[in-house]
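Colleague: One file is attached below, work-v3.txt, containing compact mmCIF, N, CA, C and O atoms.
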```
# COMPACT_ATOMS: atom_id res chain seq x y z
N VAL A 942 176.68 105.91 91.75
CA VAL A 942 176.68 107.34 91.60
C VAL A 942 175.26 107.85 91.41
O VAL A 942 174.87 108.83 92.02
N LYS A 943 174.47 107.14 90.57
CA LYS A 943 173.08 107.58 90.36
C LYS A 943 172.29 107.52 91.65
O LYS A 943 171.47 108.38 91.92
N ALA A 944 172.52 106.49 92.46
CA ALA A 944 171.78 106.36 93.71
C ALA A 944 172.07 107.54 94.63
O ALA A 944 171.21 107.97 95.38
N ARG A 945 173.30 108.06 94.58
CA ARG A 945 173.63 109.22 95.41
C ARG A 945 173.10 110.51 94.81
O ARG A 945 172.83 111.46 95.51
N GLN A 946 172.97 110.54 93.49
CA GLN A 946 172.50 111.75 92.81
C GLN A 946 171.00 111.93 92.98
O GLN A 946 170.52 113.04 93.14
N TRP A 947 170.24 110.85 92.92
CA TRP A 947 168.78 110.92 92.96
C TRP A 947 168.27 110.23 94.19
O TRP A 947 168.85 109.26 94.62
N PRO A 948 167.21 110.62 94.78
CA PRO A 948 166.32 111.68 94.33
C PRO A 948 166.73 113.04 94.87
O PRO A 948 166.74 113.26 96.06
N ALA A 949 167.05 113.91 94.00
CA ALA A 949 167.30 115.30 94.35
C ALA A 949 165.95 116.01 94.39
O ALA A 949 165.07 115.73 93.60
N VAL A 950 165.81 116.91 95.32
CA VAL A 950 164.54 117.63 95.43
C VAL A 950 164.51 118.72 94.37
O VAL A 950 165.45 119.49 94.23
N GLY A 951 163.46 118.75 93.61
CA GLY A 951 163.31 119.76 92.57
C GLY A 951 162.01 119.53 91.84
O GLY A 951 161.43 118.45 91.90
N PRO A 952 161.54 120.52 91.12
CA PRO A 952 160.24 120.40 90.46
C PRO A 952 160.20 119.33 89.38
O PRO A 952 159.18 118.66 89.20
N ILE A 953 161.28 119.13 88.65
CA ILE A 953 161.25 118.12 87.59
C ILE A 953 161.22 116.73 88.20
O ILE A 953 160.46 115.87 87.77
N TYR A 954 162.04 116.49 89.22
CA TYR A 954 162.02 115.16 89.83
C TYR A 954 160.68 114.91 90.53
O TYR A 954 160.19 113.79 90.53
N ARG A 955 160.06 115.94 91.07
CA ARG A 955 158.72 115.76 91.63
C ARG A 955 157.76 115.31 90.54
O ARG A 955 156.93 114.42 90.75
N ALA A 956 157.86 115.91 89.35
CA ALA A 956 157.01 115.51 88.22
C ALA A 956 157.30 114.07 87.81
O ALA A 956 156.38 113.31 87.48
N VAL A 957 158.56 113.67 87.85
CA VAL A 957 158.92 112.29 87.53
C VAL A 957 158.28 111.33 88.54
O VAL A 957 157.68 110.32 88.15
N ARG A 958 158.37 111.65 89.81
CA ARG A 958 157.78 110.78 90.84
C ARG A 958 156.27 110.66 90.67
O ARG A 958 155.72 109.56 90.76
N VAL A 959 155.60 111.77 90.40
CA VAL A 959 154.15 111.74 90.20
C VAL A 959 153.80 110.90 88.98
O VAL A 959 152.87 110.09 89.00
N ALA A 960 154.56 111.06 87.89
CA ALA A 960 154.30 110.29 86.67
C ALA A 960 154.54 108.80 86.89
O ALA A 960 153.77 107.96 86.43
N VAL A 961 155.60 108.46 87.61
CA VAL A 961 155.89 107.05 87.90
C VAL A 961 154.77 106.44 88.73
O VAL A 961 154.29 105.34 88.44
N LEU A 962 154.32 107.14 89.74
CA LEU A 962 153.24 106.61 90.58
C LEU A 962 151.95 106.47 89.78
O LEU A 962 151.21 105.50 89.95
N ALA A 963 151.69 107.41 88.89
CA ALA A 963 150.50 107.30 88.03
C ALA A 963 150.63 106.10 87.09
O ALA A 963 149.66 105.36 86.87
N GLU A 964 151.81 105.88 86.55
CA GLU A 964 152.04 104.73 85.67
C GLU A 964 151.84 103.42 86.42
O GLU A 964 151.24 102.49 85.89
N LEU A 965 152.32 103.34 87.63
CA LEU A 965 152.15 102.12 88.43
C LEU A 965 150.70 101.93 88.87
O LEU A 965 150.23 100.81 88.98
N ALA A 966 150.01 103.03 89.12
CA ALA A 966 148.63 102.95 89.61
C ALA A 966 147.65 102.57 88.51
O ALA A 966 146.58 102.02 88.79
N THR A 967 147.97 102.87 87.27
CA THR A 967 147.07 102.57 86.15
C THR A 967 147.82 101.79 85.08
O THR A 967 148.06 102.29 83.99
N PRO A 968 148.20 100.56 85.40
CA PRO A 968 148.99 99.79 84.44
C PRO A 968 148.16 99.38 83.23
O PRO A 968 146.97 99.11 83.34
N SER A 969 148.80 99.35 82.09
CA SER A 969 148.19 98.81 80.89
C SER A 969 148.59 97.34 80.82
O SER A 969 149.74 97.02 80.53
N LEU A 970 147.65 96.48 81.15
CA LEU A 970 147.98 95.06 81.19
C LEU A 970 148.27 94.53 79.80
O LEU A 970 147.62 94.91 78.82
N CYS A 971 149.24 93.66 79.71
CA CYS A 971 149.62 93.04 78.45
C CYS A 971 148.44 92.21 77.95
O CYS A 971 147.93 91.36 78.69
N PRO A 972 148.01 92.42 76.71
CA PRO A 972 146.88 91.65 76.20
C PRO A 972 147.20 90.18 75.94
O PRO A 972 146.31 89.34 75.89
N HIS A 973 148.47 89.85 75.83
CA HIS A 973 148.86 88.46 75.53
C HIS A 973 148.83 87.58 76.77
O HIS A 973 148.42 86.42 76.70
N CYS A 974 149.27 88.12 77.89
CA CYS A 974 149.30 87.31 79.13
C CYS A 974 148.28 87.80 80.15
O CYS A 974 148.20 87.26 81.25
N GLU A 975 147.53 88.85 79.80
CA GLU A 975 146.52 89.44 80.67
C GLU A 975 147.09 89.89 82.02
O GLU A 975 146.45 89.77 83.05
N GLY A 976 148.32 90.38 81.97
CA GLY A 976 148.95 90.93 83.17
C GLY A 976 149.67 89.92 84.05
O GLY A 976 150.25 90.30 85.06
N ARG A 977 149.66 88.66 83.68
CA ARG A 977 150.31 87.64 84.51
C ARG A 977 151.82 87.57 84.30
O ARG A 977 152.54 87.09 85.16
N GLY A 978 152.29 87.98 83.12
CA GLY A 978 153.72 87.91 82.82
C GLY A 978 154.16 86.55 82.33
O GLY A 978 155.32 86.36 81.99
N GLU A 979 153.24 85.60 82.30
CA GLU A 979 153.54 84.24 81.86
C GLU A 979 152.41 83.75 80.96
O GLU A 979 151.26 84.15 81.13
N VAL A 980 152.76 82.88 80.03
CA VAL A 980 151.78 82.28 79.13
C VAL A 980 152.04 80.78 79.00
O VAL A 980 153.17 80.32 79.17
N PHE A 981 150.99 80.03 78.71
CA PHE A 981 151.13 78.61 78.43
C PHE A 981 151.40 78.43 76.94
O PHE A 981 150.68 78.94 76.10
N VAL A 982 152.46 77.71 76.64
CA VAL A 982 152.79 77.36 75.27
C VAL A 982 153.06 75.86 75.25
O VAL A 982 154.01 75.39 75.89
N GLN A 983 152.19 75.12 74.57
CA GLN A 983 152.31 73.66 74.48
C GLN A 983 152.47 73.04 75.88
O GLN A 983 153.42 72.32 76.16
N ASP A 984 151.56 73.38 76.77
CA ASP A 984 151.52 72.85 78.14
C ASP A 984 152.74 73.22 78.99
O ASP A 984 153.04 72.56 79.97
N ARG A 985 153.45 74.27 78.59
CA ARG A 985 154.58 74.76 79.38
C ARG A 985 154.32 76.22 79.73
O ARG A 985 153.87 77.00 78.91
N LEU A 986 154.61 76.58 80.97
CA LEU A 986 154.45 77.97 81.41
C LEU A 986 155.75 78.71 81.12
O LEU A 986 156.81 78.37 81.65
N LEU A 987 155.65 79.72 80.25
CA LEU A 987 156.83 80.49 79.84
C LEU A 987 156.62 81.97 80.11
O LEU A 987 155.49 82.45 80.19
N ILE A 988 157.72 82.69 80.22
CA ILE A 988 157.66 84.14 80.37
C ILE A 988 157.09 84.73 79.09
O ILE A 988 157.49 84.35 77.99
N CYS A 989 156.16 85.65 79.22
CA CYS A 989 155.54 86.30 78.07
C CYS A 989 156.60 87.11 77.32
O CYS A 989 157.24 87.99 77.91
N GLN A 990 156.77 86.82 76.06
CA GLN A 990 157.78 87.51 75.25
C GLN A 990 157.34 88.93 74.89
O GLN A 990 158.18 89.79 74.65
N HIS A 991 156.05 89.17 74.87
CA HIS A 991 155.55 90.48 74.47
C HIS A 991 155.82 91.55 75.52
O HIS A 991 156.12 92.69 75.19
N CYS A 992 155.71 91.18 76.79
CA CYS A 992 155.94 92.16 77.87
C CYS A 992 157.20 91.83 78.67
O CYS A 992 157.47 92.49 79.67
N GLU A 993 157.92 90.80 78.25
CA GLU A 993 159.15 90.36 78.92
C GLU A 993 158.91 89.99 80.37
O GLU A 993 159.75 90.20 81.24
N GLY A 994 157.72 89.45 80.66
CA GLY A 994 157.41 88.99 82.00
C GLY A 994 156.93 90.04 82.96
O GLY A 994 156.67 89.76 84.13
N HIS A 995 156.79 91.28 82.50
CA HIS A 995 156.35 92.36 83.39
C HIS A 995 154.83 92.39 83.57
O HIS A 995 154.33 92.95 84.54
N GLY A 996 154.10 91.85 82.60
CA GLY A 996 152.64 91.85 82.68
C GLY A 996 152.01 93.15 82.25
O GLY A 996 150.80 93.29 82.26
N ARG A 997 152.81 94.10 81.87
CA ARG A 997 152.31 95.41 81.47
C ARG A 997 152.89 95.78 80.11
O ARG A 997 154.02 95.43 79.80
N THR A 998 152.12 96.50 79.32
CA THR A 998 152.66 97.03 78.09
C THR A 998 153.44 98.30 78.44
O THR A 998 153.04 99.06 79.31
N PRO A 999 154.56 98.50 77.80
CA PRO A 999 155.38 99.66 78.15
C PRO A 999 154.71 100.97 77.74
O PRO A 999 153.97 101.04 76.77
N VAL A 1000 154.99 101.99 78.51
CA VAL A 1000 154.51 103.34 78.20
C VAL A 1000 155.55 103.97 77.28
O VAL A 1000 156.76 103.84 77.51
N SER A 1001 155.12 104.65 76.26
CA SER A 1001 156.04 105.23 75.29
C SER A 1001 156.84 106.39 75.89
O SER A 1001 156.40 107.05 76.84
N ASP A 1002 157.99 106.62 75.30
CA ASP A 1002 158.81 107.78 75.70
C ASP A 1002 158.04 109.08 75.49
O ASP A 1002 158.15 110.01 76.29
N ARG A 1003 157.27 109.14 74.43
CA ARG A 1003 156.48 110.34 74.14
C ARG A 1003 155.50 110.63 75.27
O ARG A 1003 155.37 111.76 75.73
N LYS A 1004 154.80 109.58 75.73
CA LYS A 1004 153.83 109.77 76.79
C LYS A 1004 154.51 110.14 78.11
O LYS A 1004 154.05 111.02 78.84
N ARG A 1005 155.62 109.49 78.40
CA ARG A 1005 156.35 109.81 79.63
C ARG A 1005 156.87 111.24 79.59
O ARG A 1005 156.81 111.95 80.59
N ALA A 1006 157.38 111.66 78.44
CA ALA A 1006 157.87 113.04 78.31
C ALA A 1006 156.74 114.02 78.54
O ALA A 1006 156.91 115.03 79.23
N ALA A 1007 155.57 113.72 77.99
CA ALA A 1007 154.42 114.61 78.19
C ALA A 1007 154.00 114.64 79.65
O ALA A 1007 153.63 115.71 80.17
N MET A 1008 154.08 113.50 80.34
CA MET A 1008 153.67 113.46 81.74
C MET A 1008 154.57 114.32 82.63
O MET A 1008 154.12 114.84 83.64
N ILE A 1009 155.85 114.45 82.24
CA ILE A 1009 156.75 115.29 83.05
C ILE A 1009 157.00 116.65 82.39
O ILE A 1009 157.88 117.39 82.80
N GLU A 1010 156.19 116.94 81.36
CA GLU A 1010 156.22 118.23 80.67
C GLU A 1010 157.60 118.56 80.10
O GLU A 1010 158.14 119.66 80.29
N ARG A 1011 158.16 117.58 79.38
CA ARG A 1011 159.44 117.75 78.70
C ARG A 1011 159.27 117.30 77.25
O ARG A 1011 158.40 116.49 76.95
N ASP A 1012 160.13 117.79 76.37
CA ASP A 1012 160.07 117.31 75.00
C ASP A 1012 160.67 115.90 74.94
O ASP A 1012 161.47 115.52 75.80
N GLU A 1013 160.26 115.15 73.93
CA GLU A 1013 160.66 113.75 73.85
C GLU A 1013 162.17 113.57 73.72
O GLU A 1013 162.76 112.70 74.36
N ALA A 1014 162.82 114.40 72.93
CA ALA A 1014 164.27 114.29 72.76
C ALA A 1014 165.00 114.56 74.08
O ALA A 1014 165.93 113.84 74.45
N GLY A 1015 164.56 115.58 74.79
CA GLY A 1015 165.16 115.88 76.09
C GLY A 1015 164.91 114.79 77.10
O GLY A 1015 165.78 114.45 77.91
N TYR A 1016 163.70 114.23 77.05
CA TYR A 1016 163.39 113.11 77.94
C TYR A 1016 164.35 111.96 77.67
O TYR A 1016 164.94 111.41 78.60
N ARG A 1017 164.50 111.59 76.41
CA ARG A 1017 165.38 110.46 76.08
C ARG A 1017 166.83 110.73 76.46
O ARG A 1017 167.52 109.84 76.93
N ARG A 1018 167.28 111.95 76.24
CA ARG A 1018 168.67 112.29 76.48
C ARG A 1018 168.99 112.42 77.98
O ARG A 1018 170.02 111.95 78.44
N VAL A 1019 168.09 113.04 78.74
CA VAL A 1019 168.39 113.38 80.13
C VAL A 1019 167.56 112.60 81.14
O VAL A 1019 168.08 112.08 82.12
N TRP A 1020 166.25 112.51 80.91
CA TRP A 1020 165.34 112.06 81.95
C TRP A 1020 164.98 110.58 81.92
O TRP A 1020 164.50 110.04 82.91
N ARG A 1021 165.18 109.89 80.79
CA ARG A 1021 164.82 108.47 80.74
C ARG A 1021 165.54 107.64 81.81
O ARG A 1021 164.90 106.86 82.51
N PRO A 1022 166.87 107.78 81.98
CA PRO A 1022 167.52 106.99 83.03
C PRO A 1022 166.96 107.29 84.43
O PRO A 1022 166.77 106.37 85.24
N VAL A 1023 166.67 108.54 84.69
CA VAL A 1023 166.11 108.93 85.99
C VAL A 1023 164.71 108.33 86.16
O VAL A 1023 164.38 107.77 87.20
N TYR A 1024 163.91 108.45 85.11
CA TYR A 1024 162.54 107.93 85.15
C TYR A 1024 162.56 106.42 85.36
O TYR A 1024 161.84 105.90 86.22
N GLU A 1025 163.36 105.72 84.58
CA GLU A 1025 163.39 104.26 84.68
C GLU A 1025 163.96 103.79 86.02
O GLU A 1025 163.52 102.80 86.58
N TRP A 1026 164.93 104.52 86.55
CA TRP A 1026 165.48 104.20 87.87
C TRP A 1026 164.39 104.37 88.94
O TRP A 1026 164.21 103.52 89.80
N THR A 1027 163.66 105.47 88.85
CA THR A 1027 162.58 105.74 89.81
C THR A 1027 161.47 104.69 89.67
O THR A 1027 160.95 104.20 90.66
N LEU A 1028 161.14 104.34 88.44
CA LEU A 1028 160.12 103.32 88.19
C LEU A 1028 160.53 101.98 88.79
O LEU A 1028 159.74 101.32 89.47
N ALA A 1029 161.76 101.57 88.58
CA ALA A 1029 162.25 100.30 89.14
C ALA A 1029 162.24 100.34 90.67
O ALA A 1029 161.85 99.37 91.32
N LEU A 1030 162.65 101.47 91.23
CA LEU A 1030 162.68 101.62 92.69
C LEU A 1030 161.27 101.50 93.27
O LEU A 1030 161.04 100.76 94.23
N CYS A 1031 160.31 102.19 92.65
CA CYS A 1031 158.94 102.17 93.15
C CYS A 1031 158.26 100.82 92.90
O CYS A 1031 157.53 100.33 93.76
N ALA A 1032 158.51 100.22 91.75
CA ALA A 1032 157.92 98.91 91.45
C ALA A 1032 158.46 97.86 92.42
O ALA A 1032 157.71 96.99 92.89
N GLY A 1033 159.73 97.94 92.75
CA GLY A 1033 160.31 97.02 93.72
C GLY A 1033 159.69 97.20 95.10
O GLY A 1033 159.39 96.22 95.79
N ALA A 1034 159.48 98.43 95.50
CA ALA A 1034 158.85 98.70 96.79
C ALA A 1034 157.41 98.20 96.80
O ALA A 1034 156.94 97.64 97.80
N GLU A 1035 156.72 98.36 95.67
CA GLU A 1035 155.35 97.87 95.56
C GLU A 1035 155.30 96.35 95.70
O GLU A 1035 154.46 95.80 96.43
N THR A 1036 156.22 95.67 95.05
CA THR A 1036 156.28 94.20 95.13
C THR A 1036 156.60 93.74 96.55
O THR A 1036 155.95 92.83 97.07
N ARG A 1037 157.56 94.38 97.18
CA ARG A 1037 157.90 94.01 98.57
C ARG A 1037 156.73 94.25 99.51
O ARG A 1037 156.45 93.46 100.39
N GLY A 1038 156.02 95.35 99.30
CA GLY A 1038 154.86 95.66 100.13
C GLY A 1038 153.74 94.64 99.94
O GLY A 1038 153.11 94.22 100.91
N ALA A 1039 153.50 94.23 98.69
CA ALA A 1039 152.47 93.23 98.42
C ALA A 1039 152.81 91.90 99.07
O ALA A 1039 151.94 91.22 99.64
N ARG A 1040 154.07 91.51 99.00
CA ARG A 1040 154.51 90.25 99.62
C ARG A 1040 154.38 90.31 101.15
O ARG A 1040 153.96 89.34 101.78
N ALA A 1041 154.74 91.44 101.72
CA ALA A 1041 154.60 91.61 103.17
C ALA A 1041 153.15 91.53 103.59
O ALA A 1041 152.82 90.91 104.61
N LEU A 1042 152.26 92.12 102.80
CA LEU A 1042 150.82 92.06 103.11
C LEU A 1042 150.31 90.63 102.99
O LEU A 1042 149.56 90.18 103.86
N GLU A 1043 150.75 89.91 101.97
CA GLU A 1043 150.35 88.50 101.82
C GLU A 1043 150.78 87.69 103.04
O GLU A 1043 150.01 86.89 103.56
N ARG A 1044 152.02 87.89 103.48
CA ARG A 1044 152.51 87.15 104.66
C ARG A 1044 151.72 87.52 105.91
O ARG A 1044 151.38 86.66 106.72
N ALA A 1045 151.41 88.80 106.06
CA ALA A 1045 150.67 89.25 107.24
C ALA A 1045 149.26 88.71 107.26
O ALA A 1045 148.70 88.46 108.35
N LEU A 1046 148.65 88.53 106.10
CA LEU A 1046 147.26 88.06 106.03
C LEU A 1046 147.14 86.55 105.89
O LEU A 1046 146.03 86.03 105.93
N ALA A 1047 148.27 85.88 105.74
CA ALA A 1047 148.24 84.41 105.57
C ALA A 1047 147.74 83.74 106.86
O ALA A 1047 148.06 84.19 107.96
N PRO A 1048 146.97 82.67 106.69
CA PRO A 1048 146.52 81.96 107.88
C PRO A 1048 147.70 81.35 108.64
O PRO A 1048 148.68 80.93 108.04
N ALA A 1049 147.58 81.36 109.93
CA ALA A 1049 148.68 80.87 110.78
C ALA A 1049 148.75 79.38 110.83
O ALA A 1049 147.97 78.61 110.53
```
How would this structure read if it were set down as structure tokens?
Modeller:
Amino acid sequence: VKARQWPAVGPIYRAVRVAVLAELATPSLCPHCEGRGEVFVQDRLLICQHCEGHGRTPVSDRKRAAMIERDEAGYRRVWRPVYEWTLALCAGAETRGARALERALAPA
């Protein structure tokens, strides 16, 4: 149902898209894994528990609300699911694009 509902064209969703792209373009790398999403613990490579393997520190609800010019309570109640859905959609597209570029540039 959410996939059919969004993306609806409108000024708020435009602000969400711009904020998501800004968040992806300027990631705050996790200081524990330095953005890798994995850490060595006793000679074993494990998923970083601090960032849950994402390699980035999460952006606060307060900051996201400010980026889309909404109050924090309204963001949490209405816009967080939309924002996180859009973020996941864009991050997935970014990952697929990076993999496609790697394959295209790989030596034959």
Colleague: Find the spatial neighbours of stretch 1020-1031 of chain A, counting only C-alpha atoms, within a cut-off of 12 Å - ignore same-chain residues fewer than 4 positions away - and output them as a ChimeraX atom specification.
Modeller: /A:943-944,946-949,953-966,995,999-1016,1035-1038
Colleague: Grab the atom O of A:Cys992 to atom N of A:Gly978 distance for me, in Å with one decimal place.
Modeller: 7.7 Å
Colleague: May I ask for the distance between atom C of A:His991 and atom O of A:Thr967, given in Å to one decimal place?
Modeller: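 Atom C of A:His991 sits 15.7 Å away from atom O of A:Thr967.
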Colleague: Provide the atom C of A:Thr998 to atom N of A:Phe981 distance in Å, to one decimal place.
Modeller: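 These two atoms are separated by 18.4 Å.
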Colleague: Measuring between all atoms listed in the file, which one of A:Ala1039, A:Leu970, A:Ala1032, A:Ala1047 shows the shortest distance to A:Arg997?
Modeller: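 Checking each of A:Ala1039, A:Leu970, A:Ala1032, A:Ala1047 against A:Arg997, counting all atoms listed in the file, the winner is A:Leu970.
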Colleague: With DSSP run on the backbone, what are the alpha helix (DSSP H) residues within chain A? I'd like them as a count of residues only.
Modeller: 55
Colleague: Could you go through stretch 953-1049 of chain A and tell me which residues DSSP, when run on the backbone, assigns to strand (DSSP E or B), listing them as JSON, numbers by chain?
Modeller: {"A": [970, 979, 980, 981, 982, 985, 986, 987, 988, 997]}
